[in-house]
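Undergrad: Provided below: run_29.tsv, containing TSV, C-alpha atoms.
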chain	number	residue	atom	x	y	z
A	28	MET	CA	85.39	112.33	104.67
A	29	ILE	CA	87.34	112.58	101.46
A	30	PRO	CA	86.03	109.88	99.10
A	31	LYS	CA	88.24	107.67	97.02
A	32	ILE	CA	87.61	106.90	93.40
A	33	VAL	CA	88.09	103.31	92.31
A	34	VAL	CA	88.83	103.61	88.62
A	35	ASP	CA	87.97	99.98	87.79
A	36	ASP	CA	84.52	100.48	89.32
A	37	LYS	CA	84.03	103.53	87.11
A	38	ILE	CA	85.09	101.53	84.06
A	39	ASN	CA	82.43	98.98	84.91
A	40	GLU	CA	79.77	101.71	84.97
A	41	ILE	CA	80.41	102.60	81.34
A	42	LYS	CA	78.17	100.79	78.88
A	43	LYS	CA	78.56	102.72	75.64
A	44	PRO	CA	81.38	104.35	73.69
A	45	TRP	CA	82.12	108.07	73.34
A	46	SER	CA	80.10	109.01	76.42
A	47	PRO	CA	82.59	110.31	78.95
A	48	ILE	CA	81.71	110.39	82.63
A	49	VAL	CA	83.33	112.82	85.05
A	50	ILE	CA	85.11	110.84	87.76
A	51	ALA	CA	86.89	113.69	89.56
A	52	ARG	CA	87.11	117.47	89.72
A	53	VAL	CA	90.32	119.19	90.68
A	54	ASN	CA	90.55	122.96	90.60
A	55	ASP	CA	88.90	124.05	87.34
A	56	GLN	CA	89.73	120.76	85.63
A	57	VAL	CA	87.87	117.50	85.30
A	58	ILE	CA	89.01	113.93	84.88
A	59	ARG	CA	86.77	112.20	82.40
A	60	LEU	CA	86.67	108.49	81.65
A	61	ALA	CA	85.32	107.11	78.39
A	62	MET	CA	85.09	103.95	76.39
A	63	PHE	CA	86.51	104.38	72.89
A	64	LYS	CA	85.26	101.98	70.23
A	65	GLY	CA	85.11	102.70	66.54
A	66	THR	CA	86.07	106.14	65.24
A	67	TYR	CA	85.16	109.58	66.57
A	68	PRO	CA	85.13	112.27	63.87
A	69	PHE	CA	87.73	115.01	63.52
A	70	HIS	CA	87.21	117.91	65.90
A	71	LYS	CA	89.27	120.41	67.82
A	72	HIS	CA	89.21	122.37	71.05
A	73	ASP	CA	90.05	125.97	70.29
A	74	ASN	CA	91.27	126.99	73.71
A	75	GLU	CA	92.20	123.87	75.59
A	76	ASP	CA	94.83	121.17	75.40
A	77	GLU	CA	93.49	117.68	76.00
A	78	LEU	CA	95.34	114.82	77.64
A	79	PHE	CA	94.53	111.20	76.78
A	80	TYR	CA	95.76	108.41	79.05
A	81	VAL	CA	94.97	104.86	77.97
A	82	LEU	CA	94.06	102.62	80.91
A	83	ARG	CA	92.93	99.58	78.93
A	84	GLY	CA	93.24	98.71	75.27
A	85	SER	CA	94.94	100.67	72.54
A	86	ILE	CA	93.88	103.71	70.50
A	87	ILE	CA	95.06	105.59	67.45
A	88	ILE	CA	94.70	109.37	67.33
A	89	GLN	CA	94.88	110.76	63.82
A	90	ILE	CA	96.18	114.30	63.62
A	91	GLU	CA	95.06	116.47	60.73
A	92	LYS	CA	97.59	118.15	58.47
A	93	SER	CA	100.63	116.34	59.89
A	94	HIS	CA	98.91	113.03	59.06
A	95	GLN	CA	100.47	111.66	62.20
A	96	LYS	CA	98.89	108.50	63.54
A	97	LEU	CA	99.60	108.53	67.22
A	98	VAL	CA	99.31	105.01	68.63
A	99	LEU	CA	98.69	104.91	72.37
A	100	ASN	CA	98.78	101.58	74.12
A	101	GLN	CA	97.79	100.80	77.68
A	102	GLY	CA	99.82	102.93	80.09
A	103	GLU	CA	100.63	105.59	77.50
A	104	MET	CA	99.46	109.19	77.31
A	105	ALA	CA	99.69	112.19	75.00
A	106	VAL	CA	98.62	115.82	75.01
A	107	ILE	CA	96.77	117.12	71.97
A	108	PRO	CA	97.52	120.85	71.80
A	109	LYS	CA	94.62	123.25	71.52
A	110	GLY	CA	93.49	123.98	68.00
A	111	LYS	CA	94.79	120.68	66.53
A	112	LYS	CA	92.11	118.68	64.78
A	113	HIS	CA	92.18	115.08	65.87
A	114	SER	CA	90.16	111.92	65.44
A	115	PRO	CA	90.52	108.98	67.83
A	116	THR	CA	89.90	105.37	66.83
A	117	SER	CA	89.82	102.13	68.76
A	118	GLU	CA	89.15	98.74	67.22
A	119	GLU	CA	88.42	97.04	70.50
A	120	GLU	CA	86.83	98.59	73.59
A	121	SER	CA	89.46	100.85	75.10
A	122	TYR	CA	89.15	102.88	78.28
A	123	VAL	CA	90.74	106.29	78.35
A	124	LEU	CA	91.18	108.97	81.00
A	125	MET	CA	90.98	112.55	79.74
A	126	PHE	CA	92.27	115.52	81.71
A	127	GLU	CA	90.82	118.78	80.54
A	128	PRO	CA	89.23	122.03	81.68
A	129	ALA	CA	85.71	121.71	83.07
A	130	ALA	CA	84.61	124.23	80.46
A	131	LEU	CA	85.90	122.25	77.48
A	132	LYS	CA	84.09	122.90	74.24
A	133	SER	CA	84.55	121.05	70.95
A	134	SER	CA	84.11	122.26	67.43
A	135	GLY	CA	83.86	120.06	64.37
A	136	ASP	CA	84.34	120.77	60.71
B	16	MET	CA	105.00	115.32	65.87
B	17	ILE	CA	103.05	114.96	69.07
B	18	PRO	CA	105.12	112.81	71.43
B	19	LYS	CA	103.69	110.03	73.51
B	20	ILE	CA	104.53	109.50	77.15
B	21	VAL	CA	105.18	105.94	78.26
B	22	VAL	CA	104.37	106.02	81.94
B	23	ASP	CA	106.30	102.83	82.79
B	24	ASP	CA	109.44	104.37	81.26
B	25	LYS	CA	108.97	107.42	83.45
B	26	ILE	CA	108.55	105.21	86.51
B	27	ASN	CA	111.88	103.58	85.68
B	28	GLU	CA	113.58	106.99	85.60
B	29	ILE	CA	112.70	107.66	89.21
B	30	LYS	CA	115.36	106.63	91.70
B	31	LYS	CA	114.40	108.39	94.91
B	32	PRO	CA	111.22	109.08	96.86
B	33	TRP	CA	109.39	112.39	97.21
B	34	SER	CA	111.03	113.88	94.12
B	35	PRO	CA	108.25	114.35	91.56
B	36	ILE	CA	109.06	114.67	87.89
B	37	VAL	CA	106.79	116.47	85.46
B	38	ILE	CA	105.70	114.03	82.77
B	39	ALA	CA	103.13	116.21	80.94
B	40	ARG	CA	101.79	119.72	80.77
B	41	VAL	CA	98.20	120.36	79.83
B	42	ASN	CA	96.82	123.90	79.89
B	43	ASP	CA	98.07	125.46	83.13
B	44	GLN	CA	98.27	122.09	84.86
B	45	VAL	CA	101.04	119.56	85.20
B	46	ILE	CA	101.04	115.82	85.63
B	47	ARG	CA	103.69	114.86	88.12
B	48	LEU	CA	104.92	111.36	88.88
B	49	ALA	CA	106.63	110.47	92.14
B	50	MET	CA	107.80	107.54	94.16
B	51	PHE	CA	106.33	107.54	97.66
B	52	LYS	CA	108.25	105.66	100.34
B	53	GLY	CA	108.17	106.41	104.03
B	54	THR	CA	106.21	109.39	105.32
B	55	TYR	CA	106.03	112.92	103.98
B	56	PRO	CA	105.24	115.53	106.66
B	57	PHE	CA	101.93	117.33	106.99
B	58	HIS	CA	101.53	120.23	104.61
B	59	LYS	CA	98.81	121.98	102.67
B	60	HIS	CA	98.27	123.85	99.45
B	61	ASP	CA	96.38	127.04	100.19
B	62	ASN	CA	94.91	127.61	96.76
B	63	GLU	CA	94.96	124.35	94.89
B	64	ASP	CA	93.29	120.97	95.10
B	65	GLU	CA	95.63	118.06	94.49
B	66	LEU	CA	94.75	114.77	92.87
B	67	PHE	CA	96.61	111.56	93.74
B	68	TYR	CA	96.30	108.53	91.50
B	69	VAL	CA	98.14	105.38	92.57
B	70	LEU	CA	99.69	103.52	89.66
B	71	ARG	CA	101.69	100.97	91.66
B	72	GLY	CA	101.64	100.08	95.30
B	73	SER	CA	99.45	101.45	98.05
B	74	ILE	CA	99.52	104.67	100.06
B	75	ILE	CA	97.83	106.12	103.12
B	76	ILE	CA	97.02	109.83	103.22
B	77	GLN	CA	96.42	111.10	106.73
B	78	ILE	CA	94.10	114.08	106.90
B	79	GLU	CA	94.51	116.50	109.78
B	80	LYS	CA	91.58	117.32	112.04
B	81	SER	CA	89.24	114.66	110.63
B	82	HIS	CA	91.90	112.05	111.47
B	83	GLN	CA	90.82	110.25	108.33
B	84	LYS	CA	93.30	107.72	107.01
B	85	LEU	CA	92.60	107.52	103.34
B	86	VAL	CA	93.95	104.25	101.93
B	87	LEU	CA	94.57	104.34	98.19
B	88	ASN	CA	95.50	101.12	96.46
B	89	GLN	CA	96.68	100.66	92.89
B	90	GLY	CA	94.10	102.06	90.48
B	91	GLU	CA	92.53	104.37	93.06
B	92	MET	CA	92.54	108.16	93.22
B	93	ALA	CA	91.41	110.95	95.53
B	94	VAL	CA	91.32	114.72	95.50
B	95	ILE	CA	92.67	116.55	98.55
B	96	PRO	CA	90.83	119.87	98.70
B	97	LYS	CA	92.85	123.05	98.97
B	98	GLY	CA	93.68	124.10	102.49
B	99	LYS	CA	93.48	120.57	103.96
B	100	LYS	CA	96.62	119.49	105.74
B	101	HIS	CA	97.66	116.03	104.65
B	102	SER	CA	100.56	113.64	105.08
B	103	PRO	CA	101.10	110.71	102.70
B	104	THR	CA	102.79	107.47	103.73
B	105	SER	CA	103.86	104.40	101.82
B	106	GLU	CA	105.52	101.39	103.38
B	107	GLU	CA	106.74	99.98	100.10
B	108	GLU	CA	107.79	101.91	97.00
B	109	SER	CA	104.59	103.26	95.47
B	110	TYR	CA	104.27	105.29	92.28
B	111	VAL	CA	101.72	108.05	92.20
B	112	LEU	CA	100.50	110.45	89.54
B	113	MET	CA	99.61	113.91	90.79
B	114	PHE	CA	97.51	116.32	88.85
B	115	GLU	CA	97.84	119.90	89.95
B	116	PRO	CA	98.35	123.47	88.80
B	117	ALA	CA	101.80	124.23	87.41
B	118	ALA	CA	102.10	126.98	90.02
B	119	LEU	CA	101.47	124.72	93.01
B	120	LYS	CA	102.97	125.94	96.26
B	121	SER	CA	103.10	124.05	99.56
B	122	SER	CA	103.16	125.33	103.08
B	123	GLY	CA	104.03	123.33	106.18
B	124	ASP	CA	103.29	123.88	109.84
Is it possible to give me this structure as structure tokens?

TA:
Amino acid sequence: MIPKIVVDDKINEIKKPWSPIVIARVNDQVIRLAMFKGTYPFHKHDNEDELFYVLRGSIIIQIEKSHQKLVLNQGEMAVIPKGKKHSPTSEEESYVLMFEPAALKSSGD
Amino acid sequence: MIPKIVVDDKINEIKKPWSPIVIARVNDQVIRLAMFKGTYPFHKHDNEDELFYVLRGSIIIQIEKSHQKLVLNQGEMAVIPKGKKHSPTSEEESYVLMFEPAALKSSGD
């Protein structure tokens, strides 16, 4: 039997921020779900784009160099291209889906 | 500037069923959005898993051989493994995100 994934149930499993859980695997990609609250430091992924899709709440992704502040509200998504340093912030508890390669690695400053 | 994608705006662009539009590219994958209404015939993807995520409405994916009828309501997702023949149905207009390789190919009976 092919299982279904109830995203709200997965949201309820998450108790702390910045600790993504894998909710699905598709080909060599994973769907991660995380609570964002506060600010996560600048980092980049050298070889992989990263998609953020806000399910609940509202986040701001700061982009280094361009100084862009990308505001993503519920129902909005954006792709951070590989190599771009970014730092996400959320004042409230926000819940965000991330689509990215299973082998994703981060590097900081 | 990194653009943001407002999923509701994309939903409003869609006027006919079974005609996915690409709303984002991330690595070698695409995020497609489609309206499902009626029944799409059985088909399979030989080399790629396919993820369905229901944003609005409710769909049933029939799986060949197992005769499973996978009901996905709003906020629910499932991954159809490569090679599995499946046929999605929606009585009403449903809107579904699909996450799959950019090179996805289908084959029918």

Undergrad: If the cut-off is 9 Å, can you tell me the residues of chain A near chain B, counting only C-alpha atoms? I'd like them as a VMD selection string.

TA: chain A and resid 28 to 35 51 to 54 56 74 to 78 90 93 95 97 to 100 102 to 109 126 to 128

Undergrad: Could you fit chain B onto chain A by least squares over every C-alpha atom, paired in order, and give me the moved chain as an mmCIF file with C-alpha atoms, in the coordinates of the input?

TA:
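That gives us superposed-v6.cif:
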data_model
loop_
_atom_site.group_PDB
_atom_site.id
_atom_site.type_symbol
_atom_site.label_atom_id
_atom_site.label_comp_id
_atom_site.auth_asym_id
_atom_site.auth_seq_id
_atom_site.Cartn_x
_atom_site.Cartn_y
_atom_site.Cartn_z
ATOM 1 C CA MET B 16 85.381 112.339 104.656
ATOM 2 C CA ILE B 17 87.350 112.577 101.456
ATOM 3 C CA PRO B 18 86.037 109.887 99.107
ATOM 4 C CA LYS B 19 88.249 107.667 97.038
ATOM 5 C CA ILE B 20 87.613 106.890 93.401
ATOM 6 C CA VAL B 21 88.082 103.297 92.307
ATOM 7 C CA VAL B 22 88.831 103.604 88.627
ATOM 8 C CA ASP B 23 87.968 99.973 87.792
ATOM 9 C CA ASP B 24 84.506 100.488 89.317
ATOM 10 C CA LYS B 25 84.024 103.526 87.114
ATOM 11 C CA ILE B 26 85.101 101.536 84.063
ATOM 12 C CA ASN B 27 82.427 98.971 84.903
ATOM 13 C CA GLU B 28 79.767 101.700 84.969
ATOM 14 C CA ILE B 29 80.403 102.590 81.355
ATOM 15 C CA LYS B 30 78.186 100.786 78.872
ATOM 16 C CA LYS B 31 78.566 102.741 75.653
ATOM 17 C CA PRO B 32 81.385 104.360 73.698
ATOM 18 C CA TRP B 33 82.117 108.069 73.332
ATOM 19 C CA SER B 34 80.098 109.001 76.416
ATOM 20 C CA PRO B 35 82.600 110.309 78.972
ATOM 21 C CA ILE B 36 81.729 110.383 82.641
ATOM 22 C CA VAL B 37 83.339 112.800 85.062
ATOM 23 C CA ILE B 38 85.120 110.822 87.762
ATOM 24 C CA ALA B 39 86.901 113.690 89.580
ATOM 25 C CA ARG B 40 87.105 117.442 89.734
ATOM 26 C CA VAL B 41 90.328 119.152 90.669
ATOM 27 C CA ASN B 42 90.561 122.944 90.592
ATOM 28 C CA ASP B 43 88.897 124.034 87.346
ATOM 29 C CA GLN B 44 89.736 120.756 85.631
ATOM 30 C CA VAL B 45 87.871 117.499 85.304
ATOM 31 C CA ILE B 46 89.013 113.936 84.891
ATOM 32 C CA ARG B 47 86.785 112.202 82.407
ATOM 33 C CA LEU B 48 86.682 108.490 81.663
ATOM 34 C CA ALA B 49 85.328 107.106 78.408
ATOM 35 C CA MET B 50 85.110 103.950 76.402
ATOM 36 C CA PHE B 51 86.512 104.383 72.901
ATOM 37 C CA LYS B 52 85.259 101.995 70.231
ATOM 38 C CA GLY B 53 85.109 102.717 66.538
ATOM 39 C CA THR B 54 86.067 106.147 65.233
ATOM 40 C CA TYR B 55 85.160 109.570 66.557
ATOM 41 C CA PRO B 56 85.117 112.284 63.865
ATOM 42 C CA PHE B 57 87.720 115.007 63.525
ATOM 43 C CA HIS B 58 87.214 117.902 65.892
ATOM 44 C CA LYS B 59 89.268 120.407 67.822
ATOM 45 C CA HIS B 60 89.209 122.367 71.033
ATOM 46 C CA ASP B 61 90.036 125.978 70.278
ATOM 47 C CA ASN B 62 91.259 126.985 73.704
ATOM 48 C CA GLU B 63 92.205 123.874 75.589
ATOM 49 C CA ASP B 64 94.828 121.164 75.393
ATOM 50 C CA GLU B 65 93.487 117.681 76.017
ATOM 51 C CA LEU B 66 95.329 114.824 77.651
ATOM 52 C CA PHE B 67 94.538 111.196 76.797
ATOM 53 C CA TYR B 68 95.756 108.415 79.050
ATOM 54 C CA VAL B 69 94.967 104.849 77.995
ATOM 55 C CA LEU B 70 94.056 102.617 80.915
ATOM 56 C CA ARG B 71 92.932 99.570 78.927
ATOM 57 C CA GLY B 72 93.254 98.721 75.291
ATOM 58 C CA SER B 73 94.923 100.682 72.534
ATOM 59 C CA ILE B 74 93.875 103.718 70.509
ATOM 60 C CA ILE B 75 95.043 105.601 67.442
ATOM 61 C CA ILE B 76 94.682 109.381 67.325
ATOM 62 C CA GLN B 77 94.868 110.758 63.809
ATOM 63 C CA ILE B 78 96.168 114.303 63.624
ATOM 64 C CA GLU B 79 95.041 116.470 60.734
ATOM 65 C CA LYS B 80 97.582 118.135 58.468
ATOM 66 C CA SER B 81 100.622 116.323 59.888
ATOM 67 C CA HIS B 82 98.886 113.021 59.062
ATOM 68 C CA GLN B 83 100.462 111.651 62.209
ATOM 69 C CA LYS B 84 98.871 108.491 63.542
ATOM 70 C CA LEU B 85 99.596 108.530 67.212
ATOM 71 C CA VAL B 86 99.308 105.010 68.638
ATOM 72 C CA LEU B 87 98.688 104.923 72.377
ATOM 73 C CA ASN B 88 98.784 101.581 74.122
ATOM 74 C CA GLN B 89 97.798 100.799 77.695
ATOM 75 C CA GLY B 90 99.826 102.930 80.097
ATOM 76 C CA GLU B 91 100.618 105.598 77.506
ATOM 77 C CA MET B 92 99.451 109.203 77.329
ATOM 78 C CA ALA B 93 99.677 112.194 75.006
ATOM 79 C CA VAL B 94 98.612 115.812 75.019
ATOM 80 C CA ILE B 95 96.770 117.129 71.962
ATOM 81 C CA PRO B 96 97.509 120.851 71.796
ATOM 82 C CA LYS B 97 94.614 123.262 71.513
ATOM 83 C CA GLY B 98 93.506 123.993 67.989
ATOM 84 C CA LYS B 99 94.775 120.686 66.535
ATOM 85 C CA LYS B 100 92.116 118.691 64.762
ATOM 86 C CA HIS B 101 92.181 115.083 65.868
ATOM 87 C CA SER B 102 90.149 111.920 65.450
ATOM 88 C CA PRO B 103 90.528 108.976 67.844
ATOM 89 C CA THR B 104 89.908 105.370 66.829
ATOM 90 C CA SER B 105 89.825 102.128 68.754
ATOM 91 C CA GLU B 106 89.165 98.748 67.208
ATOM 92 C CA GLU B 107 88.431 97.048 70.495
ATOM 93 C CA GLU B 108 86.840 98.579 73.587
ATOM 94 C CA SER B 109 89.474 100.848 75.109
ATOM 95 C CA TYR B 110 89.157 102.893 78.290
ATOM 96 C CA VAL B 111 90.742 106.300 78.356
ATOM 97 C CA LEU B 112 91.169 108.970 81.004
ATOM 98 C CA MET B 113 90.962 112.531 79.738
ATOM 99 C CA PHE B 114 92.224 115.475 81.666
ATOM 100 C CA GLU B 115 90.818 118.779 80.550
ATOM 101 C CA PRO B 116 89.242 122.028 81.685
ATOM 102 C CA ALA B 117 85.723 121.705 83.074
ATOM 103 C CA ALA B 118 84.600 124.220 80.452
ATOM 104 C CA LEU B 119 85.892 122.247 77.472
ATOM 105 C CA LYS B 120 84.093 122.936 74.217
ATOM 106 C CA SER B 121 84.549 121.082 70.926
ATOM 107 C CA SER B 122 84.104 122.267 67.400
ATOM 108 C CA GLY B 123 83.888 120.083 64.310
ATOM 109 C CA ASP B 124 84.427 120.817 60.647
#

Undergrad: Dig up all the protein and nucleic acid residues within 9 Å of (88.3, 110.5, 79.1) in the file frame, using only C-alpha atoms, and format them as a PDB file with C-alpha atoms, keeping the file's coordinate frame.

TA:
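What landed in selection_20.pdb:
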ATOM      1  CA  TRP A  45      82.120 108.070  73.340  1.00  0.00           C
ATOM      2  CA  SER A  46      80.100 109.010  76.420  1.00  0.00           C
ATOM      3  CA  PRO A  47      82.590 110.310  78.950  1.00  0.00           C
ATOM      4  CA  ILE A  48      81.710 110.390  82.630  1.00  0.00           C
ATOM      5  CA  VAL A  49      83.330 112.820  85.050  1.00  0.00           C
ATOM      6  CA  ILE A  58      89.010 113.930  84.880  1.00  0.00           C
ATOM      7  CA  ARG A  59      86.770 112.200  82.400  1.00  0.00           C
ATOM      8  CA  LEU A  60      86.670 108.490  81.650  1.00  0.00           C
ATOM      9  CA  ALA A  61      85.320 107.110  78.390  1.00  0.00           C
ATOM     10  CA  MET A  62      85.090 103.950  76.390  1.00  0.00           C
ATOM     11  CA  PHE A  63      86.510 104.380  72.890  1.00  0.00           C
ATOM     12  CA  LEU A  78      95.340 114.820  77.640  1.00  0.00           C
ATOM     13  CA  PHE A  79      94.530 111.200  76.780  1.00  0.00           C
ATOM     14  CA  TYR A  80      95.760 108.410  79.050  1.00  0.00           C
ATOM     15  CA  VAL A  81      94.970 104.860  77.970  1.00  0.00           C
ATOM     16  CA  TYR A 122      89.150 102.880  78.280  1.00  0.00           C
ATOM     17  CA  VAL A 123      90.740 106.290  78.350  1.00  0.00           C
ATOM     18  CA  LEU A 124      91.180 108.970  81.000  1.00  0.00           C
ATOM     19  CA  MET A 125      90.980 112.550  79.740  1.00  0.00           C
ATOM     20  CA  PHE A 126      92.270 115.520  81.710  1.00  0.00           C
ATOM     21  CA  GLU A 127      90.820 118.780  80.540  1.00  0.00           C
TER      22      GLU A 127
END

Undergrad: What separation in Å, quoted to one decimal, exists between atom CA of Glu119 of chain A and atom CA of Phe69 of chain A?

TA: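 That distance, rounded to one decimal, is 19.3 Å.
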
Undergrad: Using all atoms listed in the file, which of the listed residues (B:Ser109, B:Glu28, B:Pro103, B:Lys59) sits closest to Ile75 of chain B?

TA: B:Pro103

Undergrad: Just to confirm, what's the straight-line distance from atom CA of Ile26 of chain B to atom CA of His101 of chain B in Å (one decimal)?

TA: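 Here the two named atoms are 23.8 Å from each other.
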
Undergrad: Quote the spacing between atom CA of Ala117 of chain B and atom CA of Ala130 of chain A in Å to one decimal place.

TA: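 The value is 18.5 Å.
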
Undergrad: Quick one: of B:His60, B:Ser102, B:Thr54, B:Glu108, who's nearest to Ser73 of chain B, counting all atoms listed in the file?

TA: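 With all atoms listed in the file as the atom set, the closest residue is B:Glu108.
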
Undergrad: Complete the atoms of segment 83-111 of chain B to N, CA and C atoms and put them out as a short mmCIF file (atom, residue, chain, number, x, y, z; two decimals), in the frame of the given file.

TA:
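Printed below is result05.cif as written:
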data_model
loop_
_atom_site.label_atom_id
_atom_site.label_comp_id
_atom_site.auth_asym_id
_atom_site.auth_seq_id
_atom_site.Cartn_x
_atom_site.Cartn_y
_atom_site.Cartn_z
N GLN B 83 91.06 111.28 109.35
CA GLN B 83 90.82 110.25 108.33
C GLN B 83 92.15 109.66 107.86
N LYS B 84 92.15 108.36 107.67
CA LYS B 84 93.30 107.72 107.01
C LYS B 84 92.79 107.15 105.71
N LEU B 85 93.12 107.85 104.66
CA LEU B 85 92.60 107.52 103.34
C LEU B 85 93.56 106.52 102.69
N VAL B 86 93.11 105.29 102.53
CA VAL B 86 93.95 104.25 101.93
C VAL B 86 93.69 104.21 100.43
N LEU B 87 94.71 104.39 99.65
CA LEU B 87 94.57 104.34 98.19
C LEU B 87 95.44 103.21 97.65
N ASN B 88 94.78 102.23 97.08
CA ASN B 88 95.50 101.12 96.46
C ASN B 88 95.69 101.40 94.97
N GLN B 89 96.45 100.54 94.34
CA GLN B 89 96.68 100.66 92.89
C GLN B 89 95.35 100.83 92.15
N GLY B 90 95.31 101.83 91.26
CA GLY B 90 94.10 102.06 90.48
C GLY B 90 93.08 102.95 91.18
N GLU B 91 93.46 103.51 92.32
CA GLU B 91 92.53 104.37 93.06
C GLU B 91 93.06 105.80 93.13
N MET B 92 92.14 106.75 93.14
CA MET B 92 92.54 108.16 93.22
C MET B 92 91.69 108.89 94.24
N ALA B 93 92.18 110.07 94.64
CA ALA B 93 91.41 110.95 95.53
C ALA B 93 91.89 112.38 95.31
N VAL B 94 90.99 113.30 95.60
CA VAL B 94 91.32 114.72 95.50
C VAL B 94 91.39 115.31 96.90
N ILE B 95 92.53 115.86 97.26
CA ILE B 95 92.67 116.55 98.55
C ILE B 95 92.31 118.02 98.31
N PRO B 96 91.24 118.49 98.95
CA PRO B 96 90.83 119.87 98.70
C PRO B 96 91.88 120.87 99.21
N LYS B 97 91.91 122.01 98.55
CA LYS B 97 92.85 123.05 98.97
C LYS B 97 92.65 123.39 100.45
N GLY B 98 93.75 123.69 101.10
CA GLY B 98 93.68 124.10 102.49
C GLY B 98 93.70 122.96 103.50
N LYS B 99 93.53 121.72 103.03
CA LYS B 99 93.48 120.57 103.96
C LYS B 99 94.88 120.04 104.19
N LYS B 100 95.30 120.04 105.44
CA LYS B 100 96.62 119.49 105.74
C LYS B 100 96.60 117.97 105.60
N HIS B 101 97.62 117.46 104.91
CA HIS B 101 97.66 116.03 104.65
C HIS B 101 99.10 115.53 104.69
N SER B 102 99.24 114.26 104.98
CA SER B 102 100.56 113.64 105.08
C SER B 102 100.49 112.24 104.48
N PRO B 103 101.12 112.04 103.33
CA PRO B 103 101.10 110.71 102.70
C PRO B 103 102.20 109.78 103.23
N THR B 104 101.87 108.52 103.29
CA THR B 104 102.79 107.47 103.73
C THR B 104 102.71 106.29 102.78
N SER B 105 103.86 105.67 102.54
CA SER B 105 103.86 104.40 101.82
C SER B 105 104.91 103.50 102.44
N GLU B 106 104.52 102.29 102.79
CA GLU B 106 105.52 101.39 103.38
C GLU B 106 106.49 100.88 102.33
N GLU B 107 105.92 100.45 101.21
CA GLU B 107 106.74 99.98 100.10
C GLU B 107 106.99 101.16 99.16
N GLU B 108 107.66 100.90 98.05
CA GLU B 108 107.79 101.91 97.00
C GLU B 108 106.48 101.96 96.22
N SER B 109 105.81 103.09 96.28
CA SER B 109 104.59 103.26 95.47
C SER B 109 104.85 104.36 94.46
N TYR B 110 104.13 104.28 93.34
CA TYR B 110 104.27 105.29 92.28
C TYR B 110 102.93 105.95 92.07
N VAL B 111 102.96 107.27 92.12
CA VAL B 111 101.72 108.05 92.20
C VAL B 111 101.76 109.18 91.19
#
